[in-house]
$ cat run37.txt   # compact mmCIF, C-alpha atoms
# COMPACT_ATOMS: atom_id res chain seq x y z
CA MET A 30 107.52 -26.23 -87.34
CA GLN A 31 108.65 -26.89 -90.89
CA THR A 32 110.70 -30.03 -91.37
CA GLY A 33 112.84 -28.48 -94.07
CA LEU A 34 112.88 -25.39 -96.23
CA ARG A 35 114.18 -26.52 -99.60
CA ILE A 36 115.93 -24.57 -102.29
CA THR A 37 115.42 -25.89 -105.77
CA ALA A 38 117.86 -26.26 -108.65
CA PHE A 39 119.98 -23.24 -109.52
CA ALA A 40 119.07 -21.35 -112.68
CA ALA A 41 121.53 -21.92 -115.51
CA GLY A 42 124.13 -19.24 -115.94
CA LEU A 43 123.79 -17.82 -112.42
CA ALA A 44 126.82 -15.63 -111.65
CA ALA A 45 128.74 -16.60 -108.48
CA ALA A 46 128.35 -14.17 -105.62
CA PHE A 47 131.97 -14.80 -104.68
CA GLY A 48 134.43 -15.38 -107.50
CA SER A 49 138.14 -15.97 -107.45
CA ALA A 50 138.95 -12.41 -106.44
CA TYR A 51 138.90 -11.53 -102.76
CA ALA A 52 139.79 -7.85 -103.09
CA VAL A 53 138.12 -5.85 -100.32
CA GLY A 54 135.32 -3.69 -101.60
CA GLY A 55 135.33 -5.43 -104.97
CA ALA A 56 132.86 -8.23 -104.30
CA LEU A 57 130.29 -8.63 -107.06
CA GLU A 58 126.67 -7.83 -106.27
CA PRO A 59 124.42 -10.67 -107.52
CA ALA A 60 121.78 -9.72 -110.04
CA ASP A 61 118.36 -9.11 -108.58
CA ALA A 62 115.93 -11.96 -108.99
CA PRO A 63 112.94 -11.37 -111.26
CA LYS A 64 109.94 -10.15 -109.31
CA LYS A 65 106.20 -10.50 -109.78
CA PRO A 66 104.38 -7.32 -108.86
CA ALA A 67 101.98 -7.37 -105.96
CA HIS A 68 98.30 -7.18 -106.84
CA GLN A 69 95.00 -6.39 -105.18
CA ASP A 70 92.49 -9.03 -104.14
CA ALA A 71 88.74 -8.63 -104.44
CA HIS A 72 88.63 -6.61 -101.23
CA GLY A 73 91.45 -4.29 -102.18
CA GLU A 74 93.97 -5.83 -99.74
CA LYS A 75 97.49 -6.15 -101.07
CA GLU A 76 98.73 -9.68 -101.66
CA ARG A 77 102.29 -10.88 -102.08
CA PRO A 78 103.47 -13.65 -104.39
CA ALA A 79 104.67 -16.56 -102.28
CA ALA A 80 108.42 -16.66 -101.77
CA GLY A 81 110.11 -18.92 -104.27
CA LYS A 82 107.16 -18.88 -106.66
CA GLY A 83 106.90 -17.59 -110.20
CA GLU A 84 109.91 -16.66 -112.29
CA ALA A 85 112.34 -16.66 -109.35
CA GLU A 86 111.48 -20.11 -108.02
CA ASP A 87 114.70 -21.66 -109.35
CA LEU A 88 116.92 -19.27 -107.40
CA PRO A 89 118.19 -20.34 -103.97
CA GLY A 90 117.81 -17.99 -101.04
CA GLY A 91 120.32 -15.25 -100.34
CA LEU A 92 121.74 -14.75 -103.83
CA ALA A 93 119.64 -11.66 -104.56
CA VAL A 94 119.41 -8.36 -102.72
CA SER A 95 115.81 -7.98 -103.98
CA ARG A 96 113.12 -10.62 -104.26
CA ASP A 97 109.35 -11.03 -103.96
CA GLY A 98 108.82 -7.29 -103.67
CA PHE A 99 111.34 -6.68 -100.88
CA THR A 100 114.91 -5.32 -100.85
CA LEU A 101 117.66 -5.70 -98.28
CA ASP A 102 119.16 -2.24 -97.72
CA LEU A 103 122.53 -2.72 -95.98
CA ASP A 104 123.65 0.57 -94.43
CA THR A 105 127.01 -0.92 -93.38
CA PRO A 106 128.68 -2.34 -96.50
CA ARG A 107 132.20 -2.24 -95.00
CA VAL A 108 133.77 -2.88 -91.59
CA GLU A 109 137.32 -3.19 -90.25
CA ALA A 110 138.54 -6.74 -89.72
CA GLY A 111 139.14 -7.53 -86.05
CA GLU A 112 137.31 -4.41 -84.84
CA PRO A 113 133.88 -4.26 -83.15
CA ALA A 114 131.25 -2.86 -85.49
CA GLU A 115 127.51 -2.43 -85.76
CA LEU A 116 125.64 -3.75 -88.77
CA ARG A 117 122.67 -1.57 -89.69
CA PHE A 118 120.13 -2.54 -92.33
CA SER A 119 116.47 -2.48 -93.24
CA VAL A 120 114.00 -4.41 -95.36
CA VAL A 121 112.31 -2.11 -97.86
CA ASP A 122 108.90 -2.68 -99.44
CA GLU A 123 109.45 -1.97 -103.14
CA ASP A 124 105.82 -0.94 -103.70
CA THR A 125 105.90 1.84 -101.10
CA SER A 126 109.68 2.45 -100.80
CA ARG A 127 109.18 2.32 -97.03
CA LYS A 128 110.97 0.26 -94.44
CA VAL A 129 109.04 -2.83 -93.34
CA THR A 130 108.05 -2.75 -89.67
CA ALA A 131 105.72 -5.77 -89.46
CA PHE A 132 107.18 -9.28 -89.46
CA ARG A 133 105.86 -12.67 -88.43
CA ARG A 134 107.80 -14.38 -85.67
CA GLU A 135 109.54 -17.54 -86.84
CA HIS A 136 111.28 -19.68 -84.23
CA GLY A 137 111.09 -16.94 -81.65
CA ARG A 138 112.42 -14.11 -83.85
CA GLU A 139 111.07 -11.64 -86.38
CA LEU A 140 114.24 -11.90 -88.46
CA HIS A 141 117.28 -14.18 -88.50
CA LEU A 142 120.59 -12.66 -89.60
CA ILE A 143 123.45 -14.81 -90.87
CA VAL A 144 126.92 -13.52 -91.79
CA ALA A 145 129.35 -15.85 -93.56
CA SER A 146 132.72 -15.26 -95.20
CA GLY A 147 133.16 -16.03 -98.88
CA ASP A 148 135.58 -18.83 -98.00
CA LEU A 149 133.05 -20.23 -95.46
CA ALA A 150 135.62 -20.13 -92.66
CA THR A 151 133.67 -17.61 -90.56
CA TYR A 152 130.00 -17.94 -89.62
CA ARG A 153 127.83 -15.79 -87.38
CA HIS A 154 124.14 -16.23 -86.49
CA LEU A 155 123.20 -12.84 -85.08
CA HIS A 156 120.05 -11.59 -83.38
CA PRO A 157 119.48 -8.00 -84.51
CA VAL A 158 117.17 -5.51 -82.81
CA ARG A 159 114.57 -3.56 -84.78
CA ALA A 160 113.88 0.11 -84.11
CA ALA A 161 110.38 1.52 -84.49
CA ASP A 162 111.22 2.97 -87.93
CA GLY A 163 112.21 -0.46 -89.30
CA THR A 164 115.99 -0.08 -88.97
CA TRP A 165 117.71 -3.22 -87.69
CA SER A 166 121.08 -3.26 -85.90
CA ALA A 167 123.40 -5.93 -84.52
CA PRO A 168 126.93 -5.87 -83.12
CA VAL A 169 129.50 -7.95 -84.99
CA GLU A 170 133.26 -8.49 -85.08
CA LEU A 171 134.70 -10.26 -88.12
CA PRO A 172 138.09 -11.86 -87.48
CA GLU A 173 139.55 -11.91 -90.99
CA ALA A 174 139.64 -9.53 -93.93
CA GLY A 175 137.84 -10.40 -97.13
CA GLY A 176 134.38 -10.72 -98.63
CA TYR A 177 131.35 -11.70 -96.56
CA ARG A 178 127.69 -12.31 -97.31
CA VAL A 179 124.85 -11.04 -95.11
CA PHE A 180 121.62 -13.09 -95.15
CA ALA A 181 118.31 -11.76 -93.83
CA ASP A 182 115.80 -14.60 -93.29
CA PHE A 183 112.27 -13.35 -92.51
CA THR A 184 108.54 -13.51 -93.25
CA PRO A 185 106.81 -10.16 -93.81
CA ASP A 186 103.45 -9.78 -92.09
CA VAL A 187 101.39 -9.25 -95.23
CA LYS A 188 98.73 -11.40 -96.84
CA ASN A 189 99.93 -14.61 -98.51
CA ALA A 190 103.59 -13.85 -97.79
CA GLU A 191 105.95 -16.74 -97.15
CA GLY A 192 109.54 -16.82 -95.97
CA VAL A 193 112.07 -14.69 -97.85
CA THR A 194 115.88 -14.84 -97.68
CA LEU A 195 117.74 -11.83 -99.08
CA GLY A 196 121.49 -11.37 -99.28
CA ALA A 197 123.97 -8.50 -99.61
CA ASP A 198 127.76 -8.27 -99.81
CA LEU A 199 129.83 -7.04 -96.87
CA ALA A 200 133.57 -6.29 -97.00
CA ALA A 201 136.04 -6.44 -94.10
CA ALA A 202 139.14 -4.32 -94.72
CA GLY A 203 142.60 -5.84 -94.34
CA ASP A 204 144.78 -8.55 -95.89
CA ALA A 205 142.79 -11.60 -97.01
CA ARG A 206 144.54 -15.00 -97.04
CA PRO A 207 141.99 -17.65 -98.04
CA GLU A 208 142.85 -21.35 -97.78
CA PRO A 209 141.13 -24.54 -99.03
CA LEU A 210 137.97 -25.75 -97.30
CA PRO A 211 138.83 -28.03 -94.36
CA ASP A 212 138.22 -31.76 -94.63
CA THR A 213 136.28 -32.19 -91.39
CA GLY A 214 135.31 -35.82 -91.74
CA ARG A 215 132.22 -37.13 -89.98
CA THR A 216 133.07 -35.92 -86.46
CA VAL A 217 134.02 -32.43 -85.31
CA THR A 218 134.94 -31.14 -81.86
CA VAL A 219 133.71 -27.80 -80.55
CA ASP A 220 134.16 -26.53 -76.99
CA GLY A 221 134.64 -30.04 -75.60
CA TYR A 222 131.66 -31.55 -77.47
CA GLU A 223 131.94 -34.16 -80.22
CA VAL A 224 129.31 -33.93 -82.94
CA THR A 225 129.00 -36.75 -85.47
CA LEU A 226 127.21 -36.46 -88.79
CA ASP A 227 125.16 -39.39 -90.11
CA GLY A 228 123.62 -39.12 -93.57
CA ALA A 229 124.45 -37.33 -96.81
CA LEU A 230 123.24 -34.45 -98.95
CA ARG A 231 121.82 -35.51 -102.31
CA PRO A 232 121.16 -33.17 -105.23
CA GLY A 233 117.45 -32.71 -105.86
CA ALA A 234 116.34 -35.28 -103.28
CA GLY A 235 115.31 -34.85 -99.67
CA THR A 236 117.42 -36.93 -97.29
CA GLU A 237 117.60 -37.31 -93.53
CA ILE A 238 120.68 -36.01 -91.74
CA THR A 239 121.29 -36.72 -88.06
CA MET A 240 123.77 -34.96 -85.77
CA GLU A 241 124.76 -36.92 -82.64
CA VAL A 242 126.10 -34.83 -79.74
CA GLU A 243 128.46 -36.26 -77.10
CA LYS A 244 130.52 -34.81 -74.28
CA ASP A 245 133.34 -36.62 -72.48
CA GLY A 246 132.46 -39.73 -74.47
CA LYS A 247 128.86 -39.80 -73.24
CA PRO A 248 125.72 -38.99 -75.24
CA VAL A 249 124.14 -35.64 -74.42
CA THR A 250 120.48 -36.33 -73.61
CA ASP A 251 119.51 -32.97 -72.12
CA LEU A 252 119.91 -30.52 -74.98
CA GLN A 253 118.10 -27.25 -74.37
CA PRO A 254 115.71 -25.54 -76.81
CA HIS A 255 117.30 -22.84 -78.92
CA LEU A 256 114.85 -20.62 -80.80
CA GLY A 257 112.16 -23.25 -80.26
CA ALA A 258 114.20 -26.26 -81.39
CA TYR A 259 116.99 -28.57 -80.17
CA GLY A 260 119.14 -27.56 -83.11
CA HIS A 261 119.27 -25.31 -86.16
CA LEU A 262 121.12 -26.19 -89.35
CA VAL A 263 122.25 -23.80 -92.09
CA ALA A 264 123.89 -25.08 -95.27
CA LEU A 265 125.88 -22.80 -97.60
CA ARG A 266 127.13 -23.92 -101.01
CA ALA A 267 130.78 -23.22 -101.70
CA GLY A 268 131.38 -20.86 -104.60
CA ASP A 269 128.29 -18.63 -104.42
CA LEU A 270 126.96 -19.14 -100.87
CA GLY A 271 123.53 -20.36 -101.95
CA TYR A 272 121.57 -20.53 -98.68
CA LEU A 273 119.60 -23.49 -97.32
CA HIS A 274 117.97 -23.13 -93.90
CA VAL A 275 116.53 -26.37 -92.49
CA HIS A 276 114.90 -27.18 -89.17
CA PRO A 277 114.73 -30.40 -87.16
CA ASN A 278 112.26 -33.19 -87.76
CA GLY A 279 110.35 -32.44 -84.56
CA GLU A 280 110.32 -29.89 -81.79
CA PRO A 281 110.43 -29.74 -77.99
CA GLY A 282 107.13 -30.72 -76.40
CA ASP A 283 105.67 -32.57 -79.38
CA GLY A 284 105.66 -35.86 -77.47
CA ARG A 285 108.09 -37.66 -79.77
CA THR A 286 111.25 -35.56 -80.08
CA LYS A 287 113.92 -36.32 -77.49
CA PRO A 288 116.43 -33.70 -76.25
CA GLY A 289 119.38 -35.54 -77.76
CA PRO A 290 121.74 -37.05 -78.41
CA GLY A 291 120.50 -37.08 -82.01
CA ILE A 292 119.08 -34.08 -83.89
CA SER A 293 117.39 -35.08 -87.14
CA PHE A 294 116.90 -32.87 -90.21
CA THR A 295 115.53 -33.27 -93.72
CA ALA A 296 117.45 -31.37 -96.39
CA THR A 297 117.76 -31.16 -100.15
CA ALA A 298 120.96 -30.05 -101.88
CA PRO A 299 120.15 -27.85 -104.89
CA THR A 300 123.07 -29.17 -106.99
CA LYS A 301 126.22 -31.22 -106.81
CA GLY A 302 129.11 -29.54 -105.06
CA ALA A 303 130.78 -28.74 -101.76
CA TYR A 304 128.77 -27.37 -98.83
CA ARG A 305 129.45 -26.20 -95.30
CA LEU A 306 126.91 -27.26 -92.68
CA PHE A 307 126.63 -25.13 -89.52
CA LEU A 308 124.77 -26.72 -86.60
CA ASP A 309 123.73 -24.51 -83.67
CA PHE A 310 122.81 -26.33 -80.45
CA ARG A 311 122.35 -25.24 -76.83
CA HIS A 312 123.61 -27.11 -73.76
CA GLU A 313 124.27 -25.92 -70.22
CA GLY A 314 122.97 -22.49 -71.16
CA LYS A 315 125.34 -21.82 -74.06
CA VAL A 316 124.93 -22.07 -77.83
CA ARG A 317 127.71 -23.76 -79.74
CA THR A 318 128.29 -24.17 -83.47
CA ALA A 319 129.64 -27.31 -85.11
CA ALA A 320 130.73 -26.98 -88.76
CA PHE A 321 131.10 -29.75 -91.36
CA THR A 322 132.34 -29.86 -94.95
CA VAL A 323 130.24 -32.20 -97.07
CA HIS A 324 130.06 -33.01 -100.77
CA ALA A 325 126.75 -33.64 -102.51
CA GLY A 326 126.61 -35.89 -105.53
CA GLY A 327 130.15 -37.25 -105.24
CA ALA A 328 131.90 -33.89 -105.56
CA SER A 329 135.55 -33.97 -104.61
CA PRO A 330 137.28 -31.61 -102.19
CA GLU A 331 139.16 -30.08 -105.11
CA ALA A 332 135.86 -28.54 -106.25
CA SER A 333 135.74 -26.40 -103.12
CA VAL A 334 136.39 -22.69 -102.97
CA PRO A 335 139.12 -21.37 -100.70
CA GLY A 336 138.39 -21.64 -96.97
CA SER A 337 140.00 -22.13 -93.62
CA GLY A 338 140.38 -25.06 -91.26
CA GLU A 339 139.50 -23.01 -88.21
CA THR A 340 136.30 -23.62 -86.29
CA PRO A 341 133.86 -20.85 -87.22
CA GLY A 342 132.69 -18.41 -84.60
CA HIS A 343 129.14 -17.83 -83.42
CA GLY A 344 127.58 -14.48 -82.62
CA HIS A 345 124.82 -13.78 -80.08

$ encode --input "run37.txt" --output "structure tokens"
Amino acid sequence: MQTGLRITAFAAGLAAAFGSAYAVGGALEPADAPKKPAHQDAHGEKERPAAGKGEAEDLPGGLAVSRDGFTLDLDTPRVEAGEPAELRFSVVDEDTSRKVTAFRREHGRELHLIVASGDLATYRHLHPVRAADGTWSAPVELPEAGGYRVFADFTPDVKNAEGVTLGADLAAAGDARPEPLPDTGRTVTVDGYEVTLDGALRPGAGTEITMEVEKDGKPVTDLQPHLGAYGHLVALRAGDLGYLHVHPNGEPGDGRTKPGPGISFTATAPTKGAYRLFLDFRHEGKVRTAAFTVHAGGASPEASVPGSGETPGHGH
């Protein structure tokens, strides 16, 4: 298991995926990242440039709908706020214009789907199902109107391919009323559990972050594996939703990682600024999500984009 997937410094002049306007249907589509064409090796087998390499290596994941020869084709760009809906999408190989049907399994899944609102108040980690033709689908219900970002995190099963994270805009119809990001402090409560954050994000430097889980004032020492780990952490930067997906420093069964109360991660913030951290953990057969607001590099809360103080939801 990787101890941390890092996103490097943002390219200068990158346009924000979510600006000050929250008009439904008017969210800006980020510019596609530059791509290196695939080439043939000595045996004629197609190779892919490694994700994050070449001209696009300075771009964080999820800001581009196309990258490394693949495009996220979102068939459901709009839904109704508060109404059950089905997200349908596919990953298209730009060389063949065909839907990709072969993926490597990462942490128990071929593809991880994240949906987050532009104000970072709502977060969903969904588990879509792939049809034989390469079309993915997942049920979702978004509570508030406004702009959302859909992230597809996957590794195509082609030679030399590494992990790719693509992103596309999604709009939920209705009246949007964004508020400032919540000041969560170091401890948050979710579903009767207290989760405490120890450590800090630092721009351009890998640091250790530990989440301590307690229930009824007692440490939880019997966390259950979730997608092959005791916890999963996703960080999104306020303003443009730059995506950072990190995994714990250890895994169940490795002889050194305990099932709680602490879950340790190594993460690198791409720049200074405000971030929302979303921790997924499983206990007593249920996955819960604890969300924190943190500031890398001494950023103040005033630098945050609009958000909400409500605990984000979690989709399964």

$ residues_around --input "run37.txt" --residues "Ala161 in chain A" --least-positions-apart "4" --cutoff "12 Å" --atoms "only C-alpha atoms" --output "PyMOL selection string"
chain A and resi 119+128-131+165-166

$ residues_around --input "run37.txt" --residues "Asp309 in chain A" --least-positions-apart "4" --cutoff "12 Å" --atoms "all atoms listed in the file" --output "number ranges by chain"
A: 152-155, 219, 224, 240, 242, 252-256, 258-264, 274-277, 292, 315-321, 341-345

$ write_last_selection --input "run37.txt" --atoms "C-alpha atoms" --output "CSV table (one decimal), in the coordinates of the input"
chain,number,residue,atom,x,y,z
A,152,TYR,CA,130.0,-17.9,-89.6
A,153,ARG,CA,127.8,-15.8,-87.4
A,154,HIS,CA,124.1,-16.2,-86.5
A,155,LEU,CA,123.2,-12.8,-85.1
A,219,VAL,CA,133.7,-27.8,-80.6
A,224,VAL,CA,129.3,-33.9,-82.9
A,240,MET,CA,123.8,-35.0,-85.8
A,242,VAL,CA,126.1,-34.8,-79.7
A,252,LEU,CA,119.9,-30.5,-75.0
A,253,GLN,CA,118.1,-27.2,-74.4
A,254,PRO,CA,115.7,-25.5,-76.8
A,255,HIS,CA,117.3,-22.8,-78.9
A,256,LEU,CA,114.8,-20.6,-80.8
A,258,ALA,CA,114.2,-26.3,-81.4
A,259,TYR,CA,117.0,-28.6,-80.2
A,260,GLY,CA,119.1,-27.6,-83.1
A,261,HIS,CA,119.3,-25.3,-86.2
A,262,LEU,CA,121.1,-26.2,-89.4
A,263,VAL,CA,122.2,-23.8,-92.1
A,264,ALA,CA,123.9,-25.1,-95.3
A,274,HIS,CA,118.0,-23.1,-93.9
A,275,VAL,CA,116.5,-26.4,-92.5
A,276,HIS,CA,114.9,-27.2,-89.2
A,277,PRO,CA,114.7,-30.4,-87.2
A,292,ILE,CA,119.1,-34.1,-83.9
A,315,LYS,CA,125.3,-21.8,-74.1
A,316,VAL,CA,124.9,-22.1,-77.8
A,317,ARG,CA,127.7,-23.8,-79.7
A,318,THR,CA,128.3,-24.2,-83.5
A,319,ALA,CA,129.6,-27.3,-85.1
A,320,ALA,CA,130.7,-27.0,-88.8
A,321,PHE,CA,131.1,-29.8,-91.4
A,341,PRO,CA,133.9,-20.8,-87.2
A,342,GLY,CA,132.7,-18.4,-84.6
A,343,HIS,CA,129.1,-17.8,-83.4
A,344,GLY,CA,127.6,-14.5,-82.6
A,345,HIS,CA,124.8,-13.8,-80.1

$ atom_distance --input "run37.txt" --atom1 "CA of Ala201 in chain A" --atom2 "CA of Phe183 in chain A"
24.8 Å

$ atom_distance --input "run37.txt" --atom1 "CA of Leu199 in chain A" --atom2 "CA of Val179 in chain A"
6.6 Å

$ atom_distance --input "run37.txt" --atom1 "CA of Ala190 in chain A" --atom2 "CA of Leu273 in chain A"
18.7 Å

$ closest_residue --input "run37.txt" --among "A:Gly203, A:Gly176, A:Pro299, A:Gly91" --to "Pro106 in chain A" --atoms "all atoms listed in the file"
A:Gly176

$ residues_around --input "run37.txt" --residues "Val121 in chain A" --least-positions-apart "4" --cutoff "7 Å" --atoms "only C-alpha atoms" --output "number ranges by chain"
A: 99-102, 126-129
